[in-house]
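Report on the following structure.
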Amino acid sequence: MVTSARRAGAGERVLLLHGFTLSHHVWHRVVDELASDCDVLALTMPGHWGGPRLRWRDLGISGIADGIERELDVIGWDTCHVVGNSLGGQVGFELERRGRAASLAAINPSGGWKRFSATEFRMGSGFVAQFPLAALARVLGDRAASHPLFQRPIIRNCSHDMSAVDPADATDVIRAVSRCSVYLPILLAFLRDGPLTGLGAVRAPTSLIISEFDSFFLREKFIQRFVDELPDHVQEVALPGVGHIPALENPQLVAAAIRAHLEAVAHRDGVA
């Protein structure tokens with residue numbers, strides 16, 4: 001059954017946001033790890049598999065954030081700790097700007113490239129080149145979603161050690177990628193809107209969490225701008241041994257990093 005979210009546990013409010021073309025399913029093992037003492041919501045972002053519809057006029061980071069805010073309003077979360085991976089991290093910075101983030105843990109966030117740079121166009125063209133594979137997987141359904149021919153090129157972008165990704169999780173990744181309704185049009189919206197701005201104005205307690213083996217967002221071309229422009233209070237955290245979507249490879253490691261972030265926020269608040 002396709003769902004738009006998974007919520008579990010009680011305690012500190014933690015919102016988990018996935019990467020582009022994916023869904024909340026990539027977080028399910030992290031939810032299991034955190035639910036013992038956190039109220040965890042893994043949410044599928046608008047326009048993605050199982051998530052709310054994203055109207056064409058709302059395509060872009062702002063429109064996605066609008067949809068997430070509506071979901072937060074429904075459940076009564078004025079603020080929460082936002083954890084975002086890749087596109088989810090970029091959206092997390094937008095939610096922080098809007099005052100909805102009690103804190104932010106950005107894991108390999110997107111949006112760090114320079115506007116109209118060769119890096120920006122190469123990233124977009126990579127998704128365009130992958131689209132025929134995703135479209136064919138949509139036509140073939142689960143026969144394709146569970147087949148290595150379709151999984152291998154996509155999971156390779158997501159992970160450092162593909163053998164560490166559970167086969168059921170890999171199948172859900174292909175299902176999500178092949179059913180992302182805004183796959184192509186939102187790429188144009190991202191190009192129109194450009195990369196993140198205002199990084200120096202981030203006020204919420206923030207951790208920049210960087211995978212050791214992220215071959216998708218290379219540090220010098222994507223992540224270094226975050227390191228250079230974010231305020232001094234932002235903590236940089238390394239995730240050893242994993243790739244771009246680390247929850248697929250080592251959910252325990254990701255959950256531990258999130259817990260450490262929450263503990264640092266609590267300590268900062270206690271000191272303040």
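Just so we're on the same page: first chain in the structure tokens is A, next is B, and so on; residues restart at 1 for each chain, and ligands are numbered from 1 in the order they show up.
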Exercise: segment 248-264 of chain A partners within 10 Å, only C-alpha atoms, chain neighbours under 2 positions left out, as a ChimeraX atom specification: /A:12,14,25-34,37-38,81-83,103-107,155,158-166,169-170,173,205-209,211,235,237-246,266-270
Shell around Gly111 of chain A at 9 Å using only C-alpha atoms, local window under 5 positions removed, as a PyMOL selection string: chain A and resi 86-87+89-90+194-197+222-223
Close residues, segment 67-72 of chain A itself excluded, 12 Å, only C-alpha atoms, min 6 positions apart in chain, as a PyMOL selection string: chain A and resi 4-5+13-17+41-48+51-55+58-61+78-82+88+91-92+94-96+98-101
Residues flagged strand (DSSP E or B) by DSSP in segment 75-237 of chain A, as a ChimeraX atom specification: /A:80-85,101-107,206-211,235-237
Take the selection from the previous step and output its residues with all heavy atoms, as a compact mmCIF listing (two decimals), in the first residue's frame.
# COMPACT_ATOMS: atom_id res chain seq x y z
N CYS A 80 9.48 22.03 14.62
CA CYS A 80 9.98 20.68 14.86
C CYS A 80 11.45 20.66 14.49
O CYS A 80 11.97 21.60 13.87
CB CYS A 80 9.20 19.64 14.04
SG CYS A 80 9.20 19.96 12.27
N HIS A 81 12.12 19.60 14.87
CA HIS A 81 13.50 19.40 14.42
C HIS A 81 13.43 18.82 13.01
O HIS A 81 12.85 17.75 12.79
CB HIS A 81 14.23 18.44 15.36
CG HIS A 81 14.31 18.92 16.78
ND1 HIS A 81 15.17 19.92 17.18
CD2 HIS A 81 13.60 18.56 17.89
CE1 HIS A 81 15.02 20.14 18.47
NE2 HIS A 81 14.07 19.34 18.92
N VAL A 82 14.00 19.53 12.06
CA VAL A 82 13.93 19.12 10.66
C VAL A 82 15.22 18.40 10.28
O VAL A 82 16.33 18.93 10.48
CB VAL A 82 13.71 20.32 9.73
CG1 VAL A 82 13.66 19.87 8.26
CG2 VAL A 82 12.41 21.05 10.10
N VAL A 83 15.07 17.19 9.74
CA VAL A 83 16.20 16.43 9.22
C VAL A 83 15.93 16.20 7.73
O VAL A 83 14.93 15.58 7.37
CB VAL A 83 16.35 15.08 9.94
CG1 VAL A 83 17.53 14.29 9.36
CG2 VAL A 83 16.51 15.28 11.44
N GLY A 84 16.80 16.71 6.89
CA GLY A 84 16.59 16.58 5.45
C GLY A 84 17.82 16.08 4.75
O GLY A 84 18.94 16.51 5.03
N ASN A 85 17.62 15.16 3.83
CA ASN A 85 18.71 14.57 3.04
C ASN A 85 18.57 15.03 1.59
O ASN A 85 17.49 14.92 1.01
CB ASN A 85 18.64 13.05 3.16
CG ASN A 85 19.74 12.30 2.43
OD1 ASN A 85 19.62 11.11 2.19
ND2 ASN A 85 20.82 12.97 2.05
N ALA A 101 11.59 25.48 11.80
CA ALA A 101 12.58 24.51 12.27
C ALA A 101 13.11 24.91 13.64
O ALA A 101 13.76 25.95 13.78
CB ALA A 101 13.73 24.40 11.27
N ALA A 102 12.84 24.08 14.65
CA ALA A 102 13.48 24.28 15.95
C ALA A 102 14.97 24.05 15.84
O ALA A 102 15.78 24.67 16.55
CB ALA A 102 12.86 23.34 16.98
N SER A 103 15.35 23.16 14.95
CA SER A 103 16.74 22.93 14.59
C SER A 103 16.75 22.28 13.21
O SER A 103 15.70 21.85 12.71
CB SER A 103 17.46 22.04 15.61
OG SER A 103 17.05 20.69 15.48
N LEU A 104 17.93 22.20 12.61
CA LEU A 104 18.05 21.62 11.28
C LEU A 104 19.27 20.72 11.22
O LEU A 104 20.38 21.12 11.61
CB LEU A 104 18.18 22.73 10.23
CG LEU A 104 18.49 22.29 8.79
CD1 LEU A 104 17.37 21.42 8.23
CD2 LEU A 104 18.71 23.53 7.90
N ALA A 105 19.06 19.50 10.75
CA ALA A 105 20.16 18.58 10.43
C ALA A 105 20.09 18.33 8.93
O ALA A 105 19.19 17.64 8.46
CB ALA A 105 20.03 17.28 11.21
N ALA A 106 21.03 18.92 8.21
CA ALA A 106 21.04 18.82 6.74
C ALA A 106 22.07 17.79 6.33
O ALA A 106 23.27 17.98 6.54
CB ALA A 106 21.36 20.18 6.13
N ILE A 107 21.60 16.69 5.75
CA ILE A 107 22.46 15.58 5.36
C ILE A 107 22.71 15.66 3.85
O ILE A 107 21.79 15.50 3.05
CB ILE A 107 21.82 14.23 5.72
CG1 ILE A 107 21.47 14.17 7.21
CG2 ILE A 107 22.75 13.09 5.35
CD1 ILE A 107 20.68 12.93 7.62
N THR A 206 22.03 24.19 13.87
CA THR A 206 22.13 23.45 12.60
C THR A 206 23.36 22.56 12.58
O THR A 206 24.44 22.97 13.02
CB THR A 206 22.19 24.44 11.41
OG1 THR A 206 20.98 25.21 11.38
CG2 THR A 206 22.34 23.70 10.08
N SER A 207 23.17 21.36 12.07
CA SER A 207 24.29 20.45 11.80
C SER A 207 24.35 20.19 10.30
O SER A 207 23.33 19.88 9.68
CB SER A 207 24.11 19.12 12.55
OG SER A 207 24.16 19.30 13.95
N LEU A 208 25.53 20.32 9.74
CA LEU A 208 25.77 19.95 8.35
C LEU A 208 26.43 18.58 8.36
O LEU A 208 27.58 18.43 8.77
CB LEU A 208 26.68 20.99 7.69
CG LEU A 208 27.06 20.74 6.23
CD1 LEU A 208 25.84 20.79 5.32
CD2 LEU A 208 28.10 21.76 5.76
N ILE A 209 25.67 17.57 7.94
CA ILE A 209 26.10 16.19 8.05
C ILE A 209 26.51 15.69 6.67
O ILE A 209 25.70 15.68 5.74
CB ILE A 209 24.98 15.31 8.66
CG1 ILE A 209 24.59 15.87 10.04
CG2 ILE A 209 25.43 13.86 8.77
CD1 ILE A 209 23.42 15.15 10.68
N ILE A 210 27.77 15.28 6.54
CA ILE A 210 28.35 14.99 5.23
C ILE A 210 28.84 13.55 5.18
O ILE A 210 29.65 13.11 6.01
CB ILE A 210 29.53 15.95 4.94
CG1 ILE A 210 29.06 17.41 5.04
CG2 ILE A 210 30.11 15.67 3.56
CD1 ILE A 210 30.19 18.41 4.98
N SER A 211 28.35 12.80 4.19
CA SER A 211 28.79 11.42 4.01
C SER A 211 30.21 11.37 3.48
O SER A 211 30.59 12.14 2.59
CB SER A 211 27.86 10.69 3.05
OG SER A 211 26.58 10.51 3.60
N GLN A 235 27.46 23.15 13.09
CA GLN A 235 28.40 22.05 13.33
C GLN A 235 28.52 21.17 12.09
O GLN A 235 27.51 20.78 11.49
CB GLN A 235 27.91 21.20 14.51
CG GLN A 235 27.80 21.95 15.82
CD GLN A 235 29.14 22.43 16.33
OE1 GLN A 235 30.10 21.65 16.42
NE2 GLN A 235 29.23 23.72 16.67
N GLU A 236 29.74 20.85 11.70
CA GLU A 236 29.97 19.91 10.60
C GLU A 236 30.21 18.52 11.18
O GLU A 236 31.03 18.36 12.09
CB GLU A 236 31.16 20.34 9.75
CG GLU A 236 31.41 19.41 8.57
CD GLU A 236 32.58 19.86 7.70
OE1 GLU A 236 32.95 21.06 7.75
OE2 GLU A 236 33.12 18.99 6.98
N VAL A 237 29.47 17.55 10.66
CA VAL A 237 29.53 16.18 11.17
C VAL A 237 29.83 15.24 10.01
O VAL A 237 29.22 15.36 8.93
CB VAL A 237 28.20 15.78 11.84
CG1 VAL A 237 28.25 14.34 12.33
CG2 VAL A 237 27.87 16.74 12.99
Tell me which protein, DNA and RNA residues are within 9 Å of segment 185-187 of chain A, counting only C-alpha atoms, leaving out same-chain ones fewer than 5 positions away, and put them as a PDB file with N, CA and C atoms, in the first residue's frame.
ATOM      1  N   TRP A  56       1.571  22.539 -11.042  1.00  0.00           N
ATOM      2  CA  TRP A  56       2.659  23.040 -11.871  1.00  0.00           C
ATOM      3  C   TRP A  56       3.055  24.459 -11.482  1.00  0.00           C
ATOM      4  N   LEU A  59       5.668  24.454  -8.660  1.00  0.00           N
ATOM      5  CA  LEU A  59       6.912  23.708  -8.805  1.00  0.00           C
ATOM      6  C   LEU A  59       8.088  24.517  -8.260  1.00  0.00           C
ATOM      7  N   GLY A  60       8.904  23.867  -7.460  1.00  0.00           N
ATOM      8  CA  GLY A  60      10.070  24.511  -6.898  1.00  0.00           C
ATOM      9  C   GLY A  60      10.149  24.293  -5.397  1.00  0.00           C
ATOM     10  N   GLY A 124      21.701  18.461 -13.443  1.00  0.00           N
ATOM     11  CA  GLY A 124      20.393  18.376 -14.086  1.00  0.00           C
ATOM     12  C   GLY A 124      20.388  17.411 -15.253  1.00  0.00           C
ATOM     13  N   PHE A 127      20.042  13.753 -14.209  1.00  0.00           N
ATOM     14  CA  PHE A 127      18.672  13.312 -13.945  1.00  0.00           C
ATOM     15  C   PHE A 127      17.891  13.128 -15.245  1.00  0.00           C
ATOM     16  N   VAL A 128      18.132  14.014 -16.215  1.00  0.00           N
ATOM     17  CA  VAL A 128      17.454  13.873 -17.504  1.00  0.00           C
ATOM     18  C   VAL A 128      17.870  12.569 -18.180  1.00  0.00           C
ATOM     19  N   ARG A 192      15.341  27.506 -12.812  1.00  0.00           N
ATOM     20  CA  ARG A 192      14.765  28.864 -12.762  1.00  0.00           C
ATOM     21  C   ARG A 192      15.063  29.546 -11.429  1.00  0.00           C
TER      22      ARG A 192
END
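Using only C-alpha atoms, the smallest distance between any of A:Pro132, A:Gly141, A:Ala201, A:Asn157 and Arg97 of chain A comes from A:Ala201.
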Nearby residues (only C-alpha atoms) at most 12 Å from Glu220 of chain A, same-chain spacing under 4 positions excluded, as a ChimeraX atom specification: /A:112-114,119,214-216,224-228
Mind writing the picked residues with N, CA and C atoms as a PDB file, in the first residue's frame?
ATOM      1  N   GLY A 112      23.855  23.699  -3.109  1.00  0.00           N
ATOM      2  CA  GLY A 112      25.136  24.339  -2.841  1.00  0.00           C
ATOM      3  C   GLY A 112      25.940  24.712  -4.069  1.00  0.00           C
ATOM      4  N   TRP A 113      25.441  24.394  -5.246  1.00  0.00           N
ATOM      5  CA  TRP A 113      26.173  24.732  -6.471  1.00  0.00           C
ATOM      6  C   TRP A 113      26.067  26.227  -6.755  1.00  0.00           C
ATOM      7  N   LYS A 114      26.859  26.703  -7.693  1.00  0.00           N
ATOM      8  CA  LYS A 114      26.799  28.096  -8.120  1.00  0.00           C
ATOM      9  C   LYS A 114      25.823  28.221  -9.286  1.00  0.00           C
ATOM     10  N   THR A 119      28.599  22.737 -13.125  1.00  0.00           N
ATOM     11  CA  THR A 119      28.197  21.724 -12.150  1.00  0.00           C
ATOM     12  C   THR A 119      26.675  21.629 -12.064  1.00  0.00           C
ATOM     13  N   ASP A 214      30.091  10.375  -0.504  1.00  0.00           N
ATOM     14  CA  ASP A 214      29.040  10.921  -1.366  1.00  0.00           C
ATOM     15  C   ASP A 214      29.655  11.248  -2.718  1.00  0.00           C
ATOM     16  N   SER A 215      29.420  10.374  -3.685  1.00  0.00           N
ATOM     17  CA  SER A 215      29.957  10.592  -5.028  1.00  0.00           C
ATOM     18  C   SER A 215      29.000  11.397  -5.894  1.00  0.00           C
ATOM     19  N   PHE A 216      27.829  11.711  -5.361  1.00  0.00           N
ATOM     20  CA  PHE A 216      26.830  12.468  -6.110  1.00  0.00           C
ATOM     21  C   PHE A 216      27.024  13.966  -5.901  1.00  0.00           C
ATOM     22  N   GLN A 224      31.144  22.514  -0.331  1.00  0.00           N
ATOM     23  CA  GLN A 224      32.073  23.499   0.224  1.00  0.00           C
ATOM     24  C   GLN A 224      31.418  24.852   0.430  1.00  0.00           C
ATOM     25  N   ARG A 225      30.465  25.200  -0.421  1.00  0.00           N
ATOM     26  CA  ARG A 225      29.793  26.499  -0.260  1.00  0.00           C
ATOM     27  C   ARG A 225      29.035  26.568   1.067  1.00  0.00           C
ATOM     28  N   PHE A 226      28.431  25.464   1.487  1.00  0.00           N
ATOM     29  CA  PHE A 226      27.782  25.438   2.793  1.00  0.00           C
ATOM     30  C   PHE A 226      28.811  25.682   3.896  1.00  0.00           C
ATOM     31  N   VAL A 227      29.943  25.001   3.796  1.00  0.00           N
ATOM     32  CA  VAL A 227      30.998  25.135   4.799  1.00  0.00           C
ATOM     33  C   VAL A 227      31.484  26.581   4.867  1.00  0.00           C
ATOM     34  N   ASP A 228      31.612  27.220   3.707  1.00  0.00           N
ATOM     35  CA  ASP A 228      32.154  28.575   3.647  1.00  0.00           C
ATOM     36  C   ASP A 228      31.152  29.638   4.106  1.00  0.00           C
TER      37      ASP A 228
END
Contacts of Asp142 of chain A within 10 Å, only C-alpha atoms, excl. fewer than 2 positions in-chain, as a count of residues only: 12
Shortest interatomic distance to His18 of chain A - which of A:Gly126, A:Pro148, A:Gly200, A:Pro109, counting only C-alpha atoms: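 Nearest candidate to His18 of chain A out of A:Gly126, A:Pro148, A:Gly200, A:Pro109: A:Pro109.
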Filtered DSSP result for segment 35-159 of chain A, state alpha helix (DSSP H), as number ranges by chain: A: 61-75, 87-97, 118-140, 142-145, 148-158
Separation of atom CA of Ala168 of chain A from atom CA of Phe213 of chain A, in Å and rounded to one decimal: 22.7 Å
